[in-house]
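Beneath this line is the structure, given in structure tokens, with notes to follow.
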Amino acid sequence: MKKLIVALALTGACQGVLAQQTVAGTTYFLPKTAVRISLLVEKECYTPGQFAMYANRYMRKEGVVQTPAENYRIVDVKMTATSMPDSAKQHTLVLDKKYTIAEVDRDESGILLAINATGKRAAAPKPFVPAPRKPALNAKDYMNEDILSAGSTAKMAELCAKEIYDIRDSRSQLSRGQADFMPKDGAQLKLMMDNLDRQEKALLQVFEGVTTRDTVETVLTFVPSSETQQQLLFRFSRKLGMVDADDLAGTPYYIQVAVKKHVDEAEAGNEKTSKDNLGLYVNLPEKMTVTLVHDGQPLKKIETYAGQFGRVECLSGELFNKKQTSRIVLNPLSGAIEKIESETLVK
């Protein structure tokens, strides 16, 4: 946050220098509205099991893939409004003794937020934090001595399959109450069943393989400049994930921008200047709708006021004369006036 406390009383030594310069002031920008597009992309990695070729023979599992594979998919899309300085709307606010301006509030990028007040900052979206991954099971930790010392891969696979069937038989006997060593209570029974499930899952990995999933956030920023029915934003491949916009390996995702116009076309883009101009400008924005489209279907859309559409209005210096002062708060995303309060000054 940049907060300028303007001292209007100048020392005698500085007065002679400033008299030769242009009127003192502070530079600021009005914002243009952008759209932050957050994509949650899930990467699925498959690693075939050590005994995948024997899955059908010993476990009666057909169609087990024996080659590594990677797949990507978009699991969520979020669109939020943000802003950035509009270089075409850079202005200088006059800081003169005849104006009752004591405070000018700008953000870190120089966007004007408030006059004689503290402005609001646009809330930053919370970054995506993936859930902690559970530790992977190591099948060798659950293999007995006979399996580990077997002389061939085929024999190891056979003994692993036999161990899995023994685990299933033990679980069946526990559930029926026919095991040689029955647990004393329900908590102990659950502990034993969970342990058997974990052993079976670990050993099955050597036949079925292991699939891991990781989710990462990719953020794109789109700055609308005009209405459009179909503008390419990015491409996405099931096998490669996010790819370059010109990479035809990915399917295209498009952006549509529609603007609800309220401002007279003849006035749009023209800055109206007040007779008592102290360089204070605000946006009179239009509402825009931005839609993300894939395969002809809308995936997500957002409606917000956009500072780059509409026109700019100049506020009169009479708001800050010797008889009254004003407090003005602007919208940090669109640059429009959110709140204005005037106060009569007592002599």
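Following the order of the structure tokens, chains are lettered A, B, ..., residues in each are numbered from 1, and ligands are numbered from 1.
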Checklist entry - What's the 8 Å shell around Thr218 in chain A, counting only C-alpha atoms, without same-chain residues fewer than 5 positions away, as number ranges by chain? => result A: 38-41
Limited to N, CA, C and O atoms, could you put the picked residues into a file as a short mmCIF file (atom, residue, chain, number, x, y, z; two decimals), in the first residue's frame?
```
data_model
loop_
_atom_site.label_atom_id
_atom_site.label_comp_id
_atom_site.auth_asym_id
_atom_site.auth_seq_id
_atom_site.Cartn_x
_atom_site.Cartn_y
_atom_site.Cartn_z
N SER A 38 -8.23 -19.80 -13.21
CA SER A 38 -7.49 -20.83 -12.49
C SER A 38 -7.96 -22.21 -12.94
O SER A 38 -9.15 -22.53 -12.84
N LEU A 39 -7.03 -23.01 -13.44
CA LEU A 39 -7.33 -24.35 -13.91
C LEU A 39 -6.68 -25.37 -12.98
O LEU A 39 -5.46 -25.31 -12.74
N LEU A 40 -7.47 -26.28 -12.44
CA LEU A 40 -6.92 -27.38 -11.66
C LEU A 40 -6.77 -28.57 -12.60
O LEU A 40 -7.76 -29.09 -13.13
N VAL A 41 -5.53 -28.96 -12.82
CA VAL A 41 -5.22 -30.03 -13.77
C VAL A 41 -4.73 -31.26 -13.00
O VAL A 41 -3.76 -31.17 -12.23
#
```
Next on the checklist: Could you check the closest approach to Leu159 in chain A for each of A:Leu112, A:Met59, A:Val65, A:Ile337 and tell me which residue wins, using only C-alpha atoms?
Outcome noted: A:Met59
Next on the checklist: I want to know what sits within 8 Å of Ile340 in chain A, based on only C-alpha atoms, with residues of the same chain fewer than 6 positions away left out; could you give that as a ChimeraX atom specification?
Outcome noted: /A:326-329
Same residues, all heavy atoms, saved as a PDB file, in the first residue's frame:
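Once written, out.pdb looks like this:
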```
ATOM      1  N   SER A 326     -13.821  16.611   0.288  1.00  0.00           N
ATOM      2  CA  SER A 326     -14.534  15.375  -0.058  1.00  0.00           C
ATOM      3  C   SER A 326     -13.648  14.163   0.202  1.00  0.00           C
ATOM      4  O   SER A 326     -12.415  14.254   0.140  1.00  0.00           O
ATOM      5  CB  SER A 326     -14.959  15.394  -1.531  1.00  0.00           C
ATOM      6  OG  SER A 326     -15.829  16.478  -1.789  1.00  0.00           O
ATOM      7  N   ARG A 327     -14.307  13.058   0.468  1.00  0.00           N
ATOM      8  CA  ARG A 327     -13.649  11.761   0.585  1.00  0.00           C
ATOM      9  C   ARG A 327     -14.202  10.864  -0.507  1.00  0.00           C
ATOM     10  O   ARG A 327     -15.421  10.652  -0.584  1.00  0.00           O
ATOM     11  CB  ARG A 327     -13.883  11.148   1.975  1.00  0.00           C
ATOM     12  CG  ARG A 327     -13.141  11.867   3.094  1.00  0.00           C
ATOM     13  CD  ARG A 327     -13.373  11.201   4.443  1.00  0.00           C
ATOM     14  NE  ARG A 327     -14.764  11.380   4.867  1.00  0.00           N
ATOM     15  CZ  ARG A 327     -15.198  12.448   5.532  1.00  0.00           C
ATOM     16  NH1 ARG A 327     -14.362  13.439   5.827  1.00  0.00           N
ATOM     17  NH2 ARG A 327     -16.458  12.538   5.902  1.00  0.00           N
ATOM     18  N   ILE A 328     -13.313  10.329  -1.332  1.00  0.00           N
ATOM     19  CA  ILE A 328     -13.722   9.521  -2.481  1.00  0.00           C
ATOM     20  C   ILE A 328     -13.023   8.169  -2.414  1.00  0.00           C
ATOM     21  O   ILE A 328     -11.813   8.095  -2.222  1.00  0.00           O
ATOM     22  CB  ILE A 328     -13.376  10.224  -3.806  1.00  0.00           C
ATOM     23  CG1 ILE A 328     -14.101  11.576  -3.896  1.00  0.00           C
ATOM     24  CG2 ILE A 328     -13.737   9.349  -5.001  1.00  0.00           C
ATOM     25  CD1 ILE A 328     -13.720  12.389  -5.106  1.00  0.00           C
ATOM     26  N   VAL A 329     -13.803   7.105  -2.571  1.00  0.00           N
ATOM     27  CA  VAL A 329     -13.264   5.742  -2.616  1.00  0.00           C
ATOM     28  C   VAL A 329     -13.634   5.132  -3.958  1.00  0.00           C
ATOM     29  O   VAL A 329     -14.810   5.164  -4.359  1.00  0.00           O
ATOM     30  CB  VAL A 329     -13.820   4.873  -1.465  1.00  0.00           C
ATOM     31  CG1 VAL A 329     -13.300   3.444  -1.586  1.00  0.00           C
ATOM     32  CG2 VAL A 329     -13.430   5.466  -0.116  1.00  0.00           C
TER      33      VAL A 329
END
```
Determine, using only C-alpha atoms, which residues of range 99-152 of chain A have any atom at most 12 Å from an atom of range 275-295 of chain A, and tabulate each with its shortest atom pair and distance in Å to one decimal place, rows ordered by chain and then rising number, as a tab-separated table.
```
residue	atom	partner	partner_atom	distance
A:Tyr99	CA	A:Leu278	CA	8.5
A:Thr100	CA	A:Leu278	CA	11.4
A:Ile101	CA	A:Leu278	CA	10.7
A:Val104	CA	A:Leu280	CA	11.0
A:Ile111	CA	A:Val282	CA	11.1
A:Leu112	CA	A:Val282	CA	9.0
A:Leu113	CA	A:Val282	CA	10.2
A:Ala114	CA	A:Val282	CA	10.7
A:Ile115	CA	A:Leu280	CA	9.5
```
Next on the checklist: If DSSP is run on the backbone, what residues of range 188-268 of chain A are alpha helix (DSSP H)? A reply as an NGL selection string would be ideal.
Outcome noted: :A and (188-208)
Could you turn the residues from that selection into a file that holds N, CA and C atoms, as a PDB file, in the first residue's frame?
```
ATOM      1  N   GLN A 188     -10.461 -54.722  17.908  1.00  0.00           N
ATOM      2  CA  GLN A 188      -9.374 -55.605  17.505  1.00  0.00           C
ATOM      3  C   GLN A 188      -9.691 -56.277  16.172  1.00  0.00           C
ATOM      4  N   LEU A 189     -10.963 -56.610  15.956  1.00  0.00           N
ATOM      5  CA  LEU A 189     -11.370 -57.211  14.689  1.00  0.00           C
ATOM      6  C   LEU A 189     -11.126 -56.235  13.535  1.00  0.00           C
ATOM      7  N   LYS A 190     -11.495 -54.969  13.737  1.00  0.00           N
ATOM      8  CA  LYS A 190     -11.277 -53.970  12.691  1.00  0.00           C
ATOM      9  C   LYS A 190      -9.799 -53.795  12.379  1.00  0.00           C
ATOM     10  N   LEU A 191      -8.979 -53.809  13.417  1.00  0.00           N
ATOM     11  CA  LEU A 191      -7.540 -53.665  13.232  1.00  0.00           C
ATOM     12  C   LEU A 191      -6.985 -54.818  12.399  1.00  0.00           C
ATOM     13  N   MET A 192      -7.440 -56.023  12.674  1.00  0.00           N
ATOM     14  CA  MET A 192      -6.966 -57.197  11.934  1.00  0.00           C
ATOM     15  C   MET A 192      -7.446 -57.167  10.485  1.00  0.00           C
ATOM     16  N   MET A 193      -8.708 -56.762  10.275  1.00  0.00           N
ATOM     17  CA  MET A 193      -9.242 -56.693   8.912  1.00  0.00           C
ATOM     18  C   MET A 193      -8.518 -55.624   8.093  1.00  0.00           C
ATOM     19  N   ASP A 194      -8.244 -54.474   8.730  1.00  0.00           N
ATOM     20  CA  ASP A 194      -7.520 -53.402   8.025  1.00  0.00           C
ATOM     21  C   ASP A 194      -6.124 -53.862   7.637  1.00  0.00           C
ATOM     22  N   ASN A 195      -5.497 -54.618   8.499  1.00  0.00           N
ATOM     23  CA  ASN A 195      -4.143 -55.116   8.217  1.00  0.00           C
ATOM     24  C   ASN A 195      -4.164 -56.089   7.039  1.00  0.00           C
ATOM     25  N   LEU A 196      -5.161 -56.946   6.989  1.00  0.00           N
ATOM     26  CA  LEU A 196      -5.281 -57.883   5.865  1.00  0.00           C
ATOM     27  C   LEU A 196      -5.575 -57.140   4.560  1.00  0.00           C
ATOM     28  N   ASP A 197      -6.427 -56.119   4.639  1.00  0.00           N
ATOM     29  CA  ASP A 197      -6.717 -55.318   3.436  1.00  0.00           C
ATOM     30  C   ASP A 197      -5.453 -54.652   2.907  1.00  0.00           C
ATOM     31  N   ARG A 198      -4.639 -54.138   3.810  1.00  0.00           N
ATOM     32  CA  ARG A 198      -3.408 -53.457   3.418  1.00  0.00           C
ATOM     33  C   ARG A 198      -2.423 -54.442   2.766  1.00  0.00           C
ATOM     34  N   GLN A 199      -2.326 -55.636   3.315  1.00  0.00           N
ATOM     35  CA  GLN A 199      -1.434 -56.647   2.729  1.00  0.00           C
ATOM     36  C   GLN A 199      -1.902 -57.020   1.319  1.00  0.00           C
ATOM     37  N   GLU A 200      -3.204 -57.242   1.173  1.00  0.00           N
ATOM     38  CA  GLU A 200      -3.720 -57.620  -0.144  1.00  0.00           C
ATOM     39  C   GLU A 200      -3.501 -56.507  -1.168  1.00  0.00           C
ATOM     40  N   LYS A 201      -3.780 -55.280  -0.757  1.00  0.00           N
ATOM     41  CA  LYS A 201      -3.604 -54.153  -1.675  1.00  0.00           C
ATOM     42  C   LYS A 201      -2.155 -54.017  -2.133  1.00  0.00           C
ATOM     43  N   ALA A 202      -1.227 -54.191  -1.205  1.00  0.00           N
ATOM     44  CA  ALA A 202       0.188 -54.078  -1.552  1.00  0.00           C
ATOM     45  C   ALA A 202       0.616 -55.160  -2.528  1.00  0.00           C
ATOM     46  N   LEU A 203       0.189 -56.391  -2.288  1.00  0.00           N
ATOM     47  CA  LEU A 203       0.585 -57.497  -3.154  1.00  0.00           C
ATOM     48  C   LEU A 203      -0.116 -57.445  -4.509  1.00  0.00           C
ATOM     49  N   LEU A 204      -1.327 -56.928  -4.544  1.00  0.00           N
ATOM     50  CA  LEU A 204      -2.029 -56.807  -5.831  1.00  0.00           C
ATOM     51  C   LEU A 204      -1.335 -55.829  -6.771  1.00  0.00           C
ATOM     52  N   GLN A 205      -0.577 -54.887  -6.182  1.00  0.00           N
ATOM     53  CA  GLN A 205       0.103 -53.900  -7.018  1.00  0.00           C
ATOM     54  C   GLN A 205       1.070 -54.544  -8.010  1.00  0.00           C
ATOM     55  N   VAL A 206       1.655 -55.676  -7.647  1.00  0.00           N
ATOM     56  CA  VAL A 206       2.628 -56.300  -8.542  1.00  0.00           C
ATOM     57  C   VAL A 206       1.949 -56.895  -9.768  1.00  0.00           C
ATOM     58  N   PHE A 207       0.617 -57.071  -9.705  1.00  0.00           N
ATOM     59  CA  PHE A 207      -0.131 -57.556 -10.864  1.00  0.00           C
ATOM     60  C   PHE A 207      -0.860 -56.407 -11.575  1.00  0.00           C
ATOM     61  N   GLU A 208      -1.564 -55.582 -10.799  1.00  0.00           N
ATOM     62  CA  GLU A 208      -2.403 -54.536 -11.388  1.00  0.00           C
ATOM     63  C   GLU A 208      -1.649 -53.253 -11.710  1.00  0.00           C
TER      64      GLU A 208
END
```
Item to check | Best match for closeness to Gln66 in chain A among A:Ile37, A:Met84, A:Val210, A:Leu30, counting only C-alpha atoms | outcome: A:Val210
